[in-house]
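So this block is coords-v3.cif, mmCIF, C-alpha atoms:
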```
data_model
loop_
_atom_site.label_atom_id
_atom_site.label_comp_id
_atom_site.auth_asym_id
_atom_site.auth_seq_id
_atom_site.Cartn_x
_atom_site.Cartn_y
_atom_site.Cartn_z
CA MET A 1 80.54 -47.05 157.50
CA LEU A 2 80.56 -44.55 154.68
CA SER A 3 78.52 -46.86 152.46
CA LEU A 4 75.93 -47.23 155.24
CA LEU A 5 75.53 -43.47 155.27
CA LEU A 6 75.38 -43.30 151.48
CA VAL A 7 72.50 -45.77 151.12
CA PRO A 8 69.82 -43.63 152.81
CA ALA A 9 71.26 -40.55 151.11
CA LEU A 10 70.81 -42.18 147.69
CA LEU A 11 67.35 -43.43 148.61
CA VAL A 12 66.09 -39.96 149.40
CA ALA A 13 67.89 -38.24 146.52
CA GLY A 14 65.41 -36.14 144.58
CA PHE A 15 62.90 -36.24 147.40
CA ASP A 16 61.57 -33.31 149.35
CA PHE A 17 59.18 -33.07 152.28
CA GLY A 18 57.29 -30.06 153.51
CA GLY A 19 54.07 -28.37 154.45
CA LYS A 20 51.63 -25.92 153.00
CA VAL A 21 49.24 -23.26 154.24
CA GLY A 22 46.74 -21.17 152.38
CA ALA A 23 43.23 -19.91 152.01
CA ALA A 24 40.39 -21.87 150.45
CA PHE A 25 37.43 -20.27 148.72
CA PRO A 26 34.33 -22.33 147.99
CA ALA A 27 33.03 -21.81 144.47
CA GLY A 28 29.89 -22.75 142.56
CA GLY A 29 27.06 -24.20 144.64
CA LEU A 30 29.23 -24.51 147.75
CA ALA A 31 29.70 -20.73 147.84
CA SER A 32 26.03 -20.17 148.73
CA SER A 33 26.31 -21.73 152.17
CA HIS A 34 30.01 -21.76 152.99
CA THR A 35 32.66 -19.12 153.57
CA SER A 36 36.39 -19.07 152.99
CA THR A 37 38.79 -20.68 155.41
CA ALA A 38 42.40 -21.76 155.94
CA VAL A 39 44.08 -24.75 154.32
CA LEU A 40 46.70 -26.81 156.10
CA GLY A 41 48.64 -29.63 154.60
CA ALA A 42 51.79 -31.62 154.13
CA GLN A 43 53.42 -33.16 151.13
CA ALA A 44 56.19 -35.50 150.03
CA ALA A 45 57.54 -35.26 146.51
CA TRP A 46 60.05 -36.67 144.12
CA SER A 47 61.63 -34.46 141.46
CA HIS A 48 63.61 -35.26 138.38
CA GLU A 49 64.70 -32.41 136.13
CA ARG A 50 61.49 -30.47 135.46
CA ILE A 51 59.06 -33.22 136.47
CA ARG A 52 57.79 -33.50 140.03
CA LEU A 53 55.50 -36.12 141.55
CA GLU A 54 53.81 -35.05 144.74
CA LEU A 55 51.73 -36.92 147.29
CA GLY A 56 49.93 -34.36 149.39
CA PHE A 57 47.46 -34.18 152.22
CA GLY A 58 45.23 -31.20 152.84
CA PHE A 59 42.73 -30.29 155.50
CA ILE A 60 39.99 -27.74 154.88
CA SER A 61 37.18 -26.86 157.27
CA LEU A 62 34.67 -24.59 155.53
CA PRO A 63 32.42 -22.80 158.02
CA GLY A 64 28.79 -21.98 157.34
CA GLN A 65 27.52 -18.53 156.51
CA GLN A 66 26.76 -16.04 159.30
CA ASN A 67 26.99 -17.46 162.82
CA SER A 68 25.76 -20.94 161.99
CA PRO A 69 27.34 -23.84 163.92
CA TYR A 70 27.61 -25.64 160.58
CA GLN A 71 30.91 -26.83 159.09
CA LEU A 72 32.04 -28.83 156.10
CA THR A 73 35.42 -30.49 156.59
CA LEU A 74 37.47 -32.06 153.83
CA ASN A 75 40.44 -34.36 154.32
CA GLN A 76 42.10 -34.60 150.94
CA LEU A 77 44.75 -36.93 149.63
CA ALA A 78 46.11 -36.09 146.19
CA LEU A 79 48.78 -37.44 143.86
CA SER A 80 49.80 -34.75 141.42
CA CYS A 81 52.28 -34.50 138.62
CA GLY A 82 53.95 -31.13 138.11
CA TYR A 83 55.99 -29.72 135.29
CA GLU A 84 58.19 -26.68 135.58
CA PHE A 85 57.55 -25.12 132.19
CA LEU A 86 59.71 -22.10 132.88
CA HIS A 87 62.96 -22.98 134.59
CA ARG A 88 65.56 -20.48 135.84
CA PRO A 89 68.49 -21.21 138.19
CA ASN A 90 66.68 -20.00 141.33
CA TRP A 91 63.06 -19.93 140.36
CA GLY A 92 60.50 -21.24 137.92
CA LEU A 93 56.89 -21.46 136.93
CA GLU A 94 55.18 -24.78 137.53
CA ALA A 95 51.81 -26.31 136.67
CA TRP A 96 50.45 -29.45 138.27
CA LEU A 97 47.58 -31.83 137.74
CA GLY A 98 46.48 -35.01 139.43
CA PRO A 99 43.76 -37.13 140.97
CA GLY A 100 42.74 -37.12 144.59
CA TYR A 101 40.27 -38.53 147.02
CA ALA A 102 38.49 -36.57 149.73
CA PHE A 103 36.73 -37.63 152.88
CA ALA A 104 34.02 -35.08 153.59
CA ARG A 105 32.02 -34.46 156.73
CA ARG A 106 29.19 -32.00 157.24
CA HIS A 107 28.14 -31.24 160.76
CA LEU A 108 25.60 -28.99 162.36
CA GLY A 109 25.80 -29.26 166.13
CA SER A 110 25.72 -32.95 166.90
CA ALA A 111 24.24 -33.91 163.51
CA ARG A 112 26.73 -35.41 161.07
CA GLU A 113 26.84 -36.55 157.47
CA THR A 114 29.89 -38.19 156.00
CA GLY A 115 30.88 -39.00 152.46
CA ARG A 116 33.70 -39.46 149.98
CA ALA A 117 34.41 -37.80 146.68
CA PRO A 118 37.15 -38.14 144.09
CA PHE A 119 38.56 -34.92 142.73
CA VAL A 120 40.94 -33.50 140.18
CA VAL A 121 43.51 -31.03 141.40
CA ALA A 122 44.96 -28.53 138.95
CA GLY A 123 47.17 -25.61 139.79
CA ALA A 124 49.96 -23.29 138.79
CA GLY A 125 52.46 -21.25 140.72
CA VAL A 126 55.88 -19.79 141.23
CA VAL A 127 58.67 -21.94 142.63
CA GLN A 128 61.83 -20.69 144.27
CA HIS A 129 64.85 -22.93 144.85
CA GLU A 130 67.48 -21.77 147.31
CA GLY A 131 69.97 -24.35 148.50
CA ARG A 132 67.89 -27.22 149.89
CA SER A 133 64.77 -25.18 150.43
CA ARG A 134 61.91 -25.06 148.00
CA LEU A 135 59.23 -22.38 148.27
CA THR A 136 56.03 -22.31 146.23
CA LEU A 137 53.17 -19.87 145.88
CA GLY A 138 50.30 -20.88 143.71
CA LEU A 139 46.66 -21.05 142.86
CA GLU A 140 44.97 -24.43 142.93
CA ASN A 141 41.53 -25.70 142.05
CA CYS A 142 40.06 -28.91 143.43
CA LEU A 143 37.20 -30.07 141.24
CA PHE A 144 35.11 -32.69 143.07
CA VAL A 145 33.19 -35.12 140.95
CA GLU A 146 30.12 -36.91 142.30
CA SER A 147 27.32 -38.86 140.75
CA ALA A 148 23.73 -37.84 141.56
CA ALA A 149 20.84 -39.60 139.82
CA GLY A 150 23.30 -41.09 137.34
CA LYS A 151 24.63 -37.68 136.28
CA PRO A 152 28.02 -36.28 137.21
CA VAL A 153 27.82 -33.24 139.47
CA LEU A 154 30.75 -30.95 140.10
CA SER A 155 31.72 -28.86 143.12
CA ASP A 156 34.90 -26.92 143.43
CA VAL A 157 37.13 -25.28 146.00
CA ILE A 158 39.75 -22.79 144.89
CA SER A 159 42.75 -22.24 147.10
CA LEU A 160 45.68 -19.90 147.25
CA ARG A 161 48.51 -21.82 148.81
CA ALA A 162 52.09 -21.29 149.93
CA GLY A 163 54.37 -24.24 150.54
CA VAL A 164 57.80 -24.85 151.92
CA ALA A 165 59.82 -28.03 151.53
CA TYR A 166 63.26 -29.36 152.40
CA ALA A 167 65.01 -31.16 149.54
CA PHE A 168 67.36 -34.05 150.34
CA MET B 1 58.71 -34.67 123.75
CA ARG B 2 59.39 -36.84 126.77
CA SER B 3 57.73 -34.37 129.15
CA SER B 4 54.61 -34.03 126.99
CA ARG B 5 54.32 -37.82 126.92
CA LEU B 6 54.63 -37.89 130.71
CA MET B 7 51.95 -35.21 131.05
CA ALA B 8 49.65 -37.18 128.75
CA ILE B 9 50.18 -40.31 130.86
CA GLY B 10 49.53 -38.23 134.01
CA SER B 11 46.29 -36.85 132.56
CA LEU B 12 45.06 -40.32 131.60
CA LEU B 13 45.97 -41.60 135.06
CA THR B 14 44.04 -38.72 136.64
CA ILE B 15 40.92 -39.44 134.59
CA GLY B 16 41.21 -43.15 135.36
CA ILE B 17 41.60 -42.72 139.10
CA VAL B 18 38.75 -40.18 139.29
CA ALA B 19 36.51 -42.51 137.26
CA LEU B 20 37.34 -45.36 139.64
CA GLY B 21 36.70 -43.05 142.60
CA LEU B 22 33.22 -42.26 141.24
CA LEU B 23 32.26 -45.87 141.85
CA SER B 24 32.67 -45.39 145.59
CA CYS B 25 31.61 -41.79 146.04
CA ASP B 26 28.66 -40.24 147.91
CA THR B 27 26.79 -37.06 147.19
CA VAL B 28 27.65 -35.18 150.36
CA LEU B 29 29.17 -32.20 148.51
CA PHE B 30 26.28 -32.12 146.05
CA ARG B 31 23.83 -31.83 148.96
CA ALA B 32 26.03 -29.20 150.62
CA GLY B 33 25.69 -26.95 147.58
CA GLN B 34 21.96 -27.34 146.96
CA ASP B 35 19.01 -25.13 147.84
CA TYR B 36 16.29 -27.30 149.41
CA PHE B 37 13.75 -24.52 149.80
CA PRO B 38 13.93 -22.29 146.71
CA LEU B 39 11.62 -19.29 146.84
CA VAL B 40 12.19 -18.02 143.31
CA PRO B 41 9.51 -15.44 142.39
CA GLY B 42 7.09 -16.81 139.83
CA SER B 43 7.69 -20.47 140.74
CA GLU B 44 4.74 -22.81 140.88
CA TRP B 45 4.19 -26.19 142.53
CA ARG B 46 1.12 -28.31 141.91
CA TYR B 47 0.34 -31.04 144.40
CA ALA B 48 -2.08 -33.89 144.04
CA VAL B 49 -4.07 -34.41 147.25
CA GLY B 50 -6.42 -37.30 146.65
CA ASN B 51 -8.65 -36.09 143.83
CA ASP B 52 -7.90 -32.42 144.50
CA THR B 53 -5.04 -30.21 143.43
CA VAL B 54 -3.23 -27.69 145.59
CA THR B 55 -1.36 -24.95 143.72
CA VAL B 56 1.42 -23.03 145.43
CA THR B 57 2.87 -19.97 143.71
CA VAL B 58 5.54 -17.47 144.73
CA ASP B 59 4.46 -13.87 144.28
CA THR B 60 6.71 -11.78 142.06
CA ALA B 61 6.07 -8.62 144.07
CA PRO B 62 8.04 -7.97 147.27
CA ALA B 63 6.01 -8.19 150.46
CA VAL B 64 6.18 -6.88 154.02
CA ALA B 65 4.52 -8.60 156.95
CA ALA B 66 5.00 -8.19 160.70
CA ASN B 67 7.39 -5.32 159.88
CA ARG B 68 9.67 -7.61 157.89
CA ALA B 69 10.52 -7.93 154.23
CA CYS B 70 9.41 -11.37 153.16
CA THR B 71 8.24 -13.57 150.31
CA ARG B 72 4.53 -14.07 149.75
CA LEU B 73 3.26 -17.47 148.64
CA TYR B 74 -0.26 -18.30 147.59
CA ARG B 75 -1.57 -21.72 148.56
CA ASN B 76 -4.78 -22.03 146.56
CA LEU B 77 -5.06 -18.20 146.70
CA ALA B 78 -4.54 -18.08 150.50
CA ALA B 79 -1.49 -15.92 151.28
CA GLU B 80 1.43 -17.24 153.33
CA TYR B 81 4.48 -15.20 154.29
CA TRP B 82 7.94 -16.72 154.46
CA VAL B 83 11.44 -15.46 155.19
CA LYS B 84 14.49 -17.41 154.16
CA SER B 85 18.00 -16.70 155.37
CA ARG B 86 21.13 -18.83 155.10
CA THR B 87 20.52 -20.35 158.51
CA GLU B 88 16.76 -20.79 158.70
CA VAL B 89 13.38 -20.64 157.03
CA LEU B 90 10.69 -18.73 158.90
CA ARG B 91 6.96 -18.63 158.42
CA LEU B 92 4.47 -16.04 159.61
CA TYR B 93 2.12 -17.56 162.15
CA THR B 94 -1.10 -15.69 162.76
CA ARG B 95 -3.77 -16.87 165.15
CA ILE B 96 -6.95 -15.04 165.91
CA GLU B 97 -9.10 -16.04 168.89
CA ILE B 98 -12.67 -15.01 169.64
CA LEU B 99 -12.62 -13.48 173.10
CA PRO B 100 -15.49 -11.99 175.11
CA GLN B 101 -14.64 -8.49 173.87
CA GLY B 102 -14.41 -9.65 170.25
CA GLU B 103 -11.74 -11.04 167.94
CA ASP B 104 -8.15 -10.66 169.07
CA THR B 105 -4.84 -11.60 167.46
CA ILE B 106 -2.96 -13.72 169.95
CA GLU B 107 -0.07 -14.73 167.68
CA HIS B 108 1.47 -12.77 164.84
CA ARG B 109 5.16 -13.56 164.47
CA PHE B 110 7.70 -15.24 162.23
CA GLY B 111 8.68 -18.65 163.61
CA ARG B 112 11.30 -21.07 162.41
CA VAL B 113 10.15 -24.03 160.33
CA TYR B 114 13.51 -25.35 159.08
CA GLU B 115 17.04 -24.92 160.32
CA LEU B 116 19.52 -24.54 157.46
CA PRO B 117 21.59 -26.04 156.06
CA LEU B 118 19.84 -29.38 156.33
CA VAL B 119 22.04 -32.09 157.80
CA GLU B 120 20.83 -35.58 158.57
CA GLY B 121 20.22 -35.96 162.29
CA ALA B 122 19.73 -32.25 162.98
CA THR B 123 16.92 -31.30 165.36
CA TRP B 124 15.40 -27.99 166.34
CA GLN B 125 12.71 -26.80 168.69
CA VAL B 126 10.93 -23.48 168.46
CA PRO B 127 8.87 -22.64 171.54
CA PHE B 128 6.61 -19.59 171.77
CA LYS B 129 4.71 -18.73 174.94
CA ASP B 130 2.51 -15.82 175.84
CA THR B 131 0.00 -14.92 178.51
CA LEU B 132 -2.90 -12.73 177.42
CA VAL B 133 -4.90 -10.63 179.82
CA PHE B 134 -8.30 -9.37 178.78
CA LEU B 135 -11.01 -7.42 180.56
CA GLY B 136 -8.40 -6.71 183.24
CA THR B 137 -8.82 -9.97 185.11
CA ASP B 138 -9.11 -13.00 182.83
CA THR B 139 -5.98 -14.52 181.38
CA ILE B 140 -5.27 -17.01 178.60
CA PHE B 141 -2.05 -18.98 178.53
CA TYR B 142 -0.94 -19.53 174.95
CA SER B 143 1.86 -21.82 173.79
CA HIS B 144 2.91 -22.79 170.28
CA SER B 145 5.88 -25.08 169.79
CA LEU B 146 7.30 -26.69 166.69
CA THR B 147 9.93 -29.40 166.67
CA GLY B 148 11.73 -30.62 163.60
CA ARG B 149 14.12 -33.44 162.84
CA VAL B 150 16.01 -34.30 159.67
CA ALA B 151 15.31 -38.00 159.79
CA ALA B 152 16.86 -39.42 156.63
CA ILE B 153 18.13 -38.93 153.09
CA GLU B 154 15.92 -40.76 150.62
CA ASP B 155 14.98 -40.99 146.96
CA VAL B 156 11.34 -40.11 146.34
CA THR B 157 9.10 -40.93 143.40
CA VAL B 158 6.05 -38.71 142.89
CA PRO B 159 3.91 -37.96 139.80
CA ALA B 160 6.32 -35.13 138.87
CA GLY B 161 9.23 -37.59 138.67
CA GLU B 162 11.94 -39.23 140.72
CA TYR B 163 13.99 -37.06 143.05
CA THR B 164 17.22 -38.21 144.64
CA ASP B 165 18.99 -36.92 147.75
CA CYS B 166 15.77 -35.73 149.40
CA TYR B 167 15.76 -34.91 153.09
CA ARG B 168 12.92 -36.47 155.06
CA ILE B 169 11.90 -34.04 157.76
CA GLU B 170 9.61 -34.97 160.61
CA LEU B 171 7.72 -32.08 162.16
CA ALA B 172 5.49 -31.93 165.21
CA GLU B 173 3.43 -28.99 166.36
CA GLU B 174 1.67 -28.38 169.65
CA ILE B 175 -0.68 -25.47 170.26
CA ILE B 176 -2.05 -24.89 173.74
CA CYS B 177 -4.70 -22.23 174.03
CA ARG B 178 -8.01 -23.12 175.66
CA ASP B 179 -7.43 -26.69 174.60
CA THR B 180 -4.42 -28.56 173.23
CA THR B 181 -3.94 -29.37 169.55
CA ARG B 182 -1.15 -31.68 168.44
CA SER B 183 -0.25 -32.52 164.87
CA GLN B 184 2.56 -34.40 163.18
CA TRP B 185 3.58 -34.58 159.57
CA THR B 186 6.52 -35.57 157.40
CA GLU B 187 7.94 -33.66 154.46
CA TRP B 188 10.42 -34.63 151.77
CA LEU B 189 12.50 -31.76 150.39
CA ALA B 190 14.27 -32.23 147.07
CA PRO B 191 17.36 -30.30 145.96
CA GLY B 192 16.47 -27.30 143.84
CA VAL B 193 12.73 -28.02 144.07
CA GLY B 194 11.53 -27.84 147.66
CA ILE B 195 8.71 -29.93 149.10
CA VAL B 196 7.95 -32.88 146.84
CA LYS B 197 5.87 -34.90 149.29
CA ARG B 198 4.03 -34.19 152.53
CA ARG B 199 2.29 -36.80 154.60
CA SER B 200 0.17 -36.34 157.70
CA ALA B 201 -2.17 -38.71 159.54
CA THR B 202 -5.04 -37.81 157.21
CA THR B 203 -3.62 -36.51 153.92
CA GLU B 204 -0.79 -37.02 151.48
CA GLU B 205 0.37 -34.31 149.06
CA LEU B 206 2.44 -35.44 146.09
CA LEU B 207 4.17 -33.08 143.71
CA ALA B 208 2.48 -33.30 140.32
CA SER B 209 4.43 -30.55 138.56
CA TYR B 210 7.00 -27.89 139.30
CA ARG B 211 7.87 -24.82 137.30
CA LYS B 212 10.76 -22.66 138.38
CA GLY B 213 10.22 -18.92 138.12
CA PRO B 214 11.95 -16.88 135.45
#
```
Could you render the structure as C-alpha cells?
Amino acid sequence: MLSLLLVPALLVAGFDFGGKVGAAFPAGGLASSHTSTAVLGAQAAWSHERIRLELGFGFISLPGQQNSPYQLTLNQLALSCGYEFLHRPNWGLEAWLGPGYAFARRHLGSARETGRAPFVVAGAGVVQHEGRSRLTLGLENCLFVESAAGKPVLSDVISLRAGVAYAF
Amino acid sequence: MRSSRLMAIGSLLTIGIVALGLLSCDTVLFRAGQDYFPLVPGSEWRYAVGNDTVTVTVDTAPAVAANRACTRLYRNLAAEYWVKSRTEVLRLYTRIEILPQGEDTIEHRFGRVYELPLVEGATWQVPFKDTLVFLGTDTIFYSHSLTGRVAAIEDVTVPAGEYTDCYRIELAEEIICRDTTRSQWTEWLAPGVGIVKRRSATTEELLASYRKGP
C-alpha cells in the first residue's frame, strides 16, 4: 500500500504546477494600434537544483486604441528553460529563455483574421520559495518572428507577470 | 560548467524550434503593426494611369478645413483634405450645386473612407442625407453614401515593385441629388506605403514610384 502511494509521489518529485497573471504591453509596431491588457496563464514545470524547465500557456487579448471594437488575441504555448543564477535559501534571481508558438486572431466586429507565429520568450525575475509554494515576479519579453516577403519581421509584447505554483 | 552547457543547449533548441516554426507561420502580427495609410508630410506617390501620370504629394504645412485640423494632399495640384485617426480615415467631401439663386454648397463635411485597423472581412457604411430648401418652397433631397469592404489580402506587383500583405478594399459610392450617380472601385493598400493600385470600371492607377517624406 505504501509503495503504491510512493510511486506517484516519486513521479511528481521536482514538479510544480501553478498559474500566472500580469500586464502585457505591446511594443514596436504593435504599440501604434494596441493598448496594454492583462495576461492570464498556467504552467507546469520541473526543477532540478538551479535548472527549471517550464511548459506554460498564456492568453493575451490586446484591445485596439480608443473605443474601437478591434482586438488582437494571442494564445501562447512556450517551453522555457530557467536558471536561478542567484540562489538563497528562501529566494533567488532567475532568468529564463525558450521557444514558443502563438495562435493569433485579429477581429473587428464580425471580421476575423487568424494566424500563427513562433516566438522567443526571455525573462528575468525574483523567485521566493516558502515550503511547497513558489512565487515569482518578473519581466518577460515575447519576441514574435514572422516572415514577410522573405524577410524576417519582428513584433514584441513585454509583460510584467506574477506567478504562483505548488511544488510536489 | 554543466549549467552553462545546458543553457547553450537550451538556446540552440530555442533557435531551432523558432526556425522550424517560421516554416508554418503567417504574417498576422506583421499586418497588425503596419500603417496602411501613411500621411507623412513630404511624401510623394506617382501613379501611372494609361499614358498619363498622377502625382500625389502630402503638404508639409498643417491645414485646417471644415473647422478641423487635417492633412492636405495635392493630387496633380488639386487639394484634398484628409484626417487620420487610429480608428478611421476621413476625407473632406465638398459638393457645389448650381441652384436657381446661384451656386450653393450642399455638402462640406469629413466622411469616413476607411475603418481602421484593416481586418479582412470588415465592412462599413457611411450614409449622409440632407434636405435643402431654397427660395422658401423648393427642396432638394441629397444623399451620399459610401460602403467599403476589406475583401482580401493579396500580393500586388506594380511598376514600383512587388508588395506583399496588401489589403484589397472594394468601395462603392452612391450620390443622389437631382439624379443618381453610382460608382465602384477597388483599391490595394500596401503596408507602409498606402494605395499601390486602384481600379475602376474605366481606369487603372498603378504605383510607379513612392518616396516617403523626411
Review point. For the atom pair CA of Ile169 (chain B) and CA of Glu88 (chain B), what is the interatomic distance in Å to one decimal place?
Key: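 It comes out at 14.1 Å.
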Give, as AutoDock Vina command-line options, the centre coordinates and the x, y and z edge lengths in Å to one decimal for an axis-aligned box around all listed atoms of region 54-62 of chain A, padded by 5 Å on each side.
```
--center_x 44.2 --center_y -30.8 --center_z 151.0 --size_x 29.1 --size_y 22.3 --size_z 22.5
```
CA of Leu206 (chain B) to CA of Gly50 (chain B) measures 9.1 Å
Query raised in the report: Could you write out as a PyMOL selection string the residues of chain A within 8 Å of chain B, counting only C-alpha atoms?
Result: chain A and resi 28-33+51+65-66+68+70+81+83+97-101+104-120+145-149+153-155
Problem set entry | Among listed residues A:Gly41, A:Pro26, A:Ala124, A:His34, nearest Gln71 (chain A) (using only C-alpha atoms) |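 Checking each candidate against Gln71 (chain A), we get A:His34 as the closest.
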Practice task
Do a neighbour search on region 160-163 of chain A at 6 Å with only C-alpha atoms, toss out local chain neighbours closer than 6 positions, and write the hits as an MDAnalysis selection string.
Solution key: chainID A and resid 19:23 135:139
| message | Evaluate the PyMOL selection byres ((chain B and resi 104) around 12) against this structure - the residues, as a PyMOL selection string, please. | response | chain B and resi 94-103+105-108+132-134+140
Pairwise distance, CA of Arg46 (chain B) with CA of Pro159 (chain B), equals 10.3 Å
Which one of B:Tyr114, B:Tyr74, B:Tyr210, B:Phe141 sits closest to Val158 (chain B) if you count only C-alpha atoms?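 Using only C-alpha atoms, the shortest distance to Val158 (chain B) belongs to B:Tyr210.
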Exercise. Fewer than 2 positions away in the same chain doesn't count, so skip those; otherwise give me all residues within 10 Å of Gly213 (chain B), counting all atoms listed in the file, as an MDAnalysis selection string.
Key: chainID B and resid 38:44 57:60 210:211
Next on the checklist: Can you pull out the residues contacting Glu173 (chain B)? Cut-off 10 Å, using only C-alpha atoms, and skip same-chain residues under 3 positions away; I want them as a PyMOL selection string.
Outcome noted: chain B and resi 125-127+144-148+181-185
Please evaluate the PyMOL selection byres ((chain A and resi 25) around 6) against the displayed coordinates and give the resulting residues as a PDB file with C-alpha atoms, in the frame of the given file.
```pdb
ATOM      1  CA  ALA A  24      40.390 -21.870 150.450  1.00  0.00           C
ATOM      2  CA  PRO A  26      34.330 -22.330 147.990  1.00  0.00           C
ATOM      3  CA  SER A  36      36.390 -19.070 152.990  1.00  0.00           C
ATOM      4  CA  VAL A 157      37.130 -25.280 146.000  1.00  0.00           C
ATOM      5  CA  ILE A 158      39.750 -22.790 144.890  1.00  0.00           C
ATOM      6  CA  SER A 159      42.750 -22.240 147.100  1.00  0.00           C
TER       7      SER A 159
END
```
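The nearest approach to Trp188 (chain B) among the residues B:Ser209, B:Asn51, B:Thr157, B:Thr139, with all atoms listed in the file taken into account, belongs to B:Thr157.
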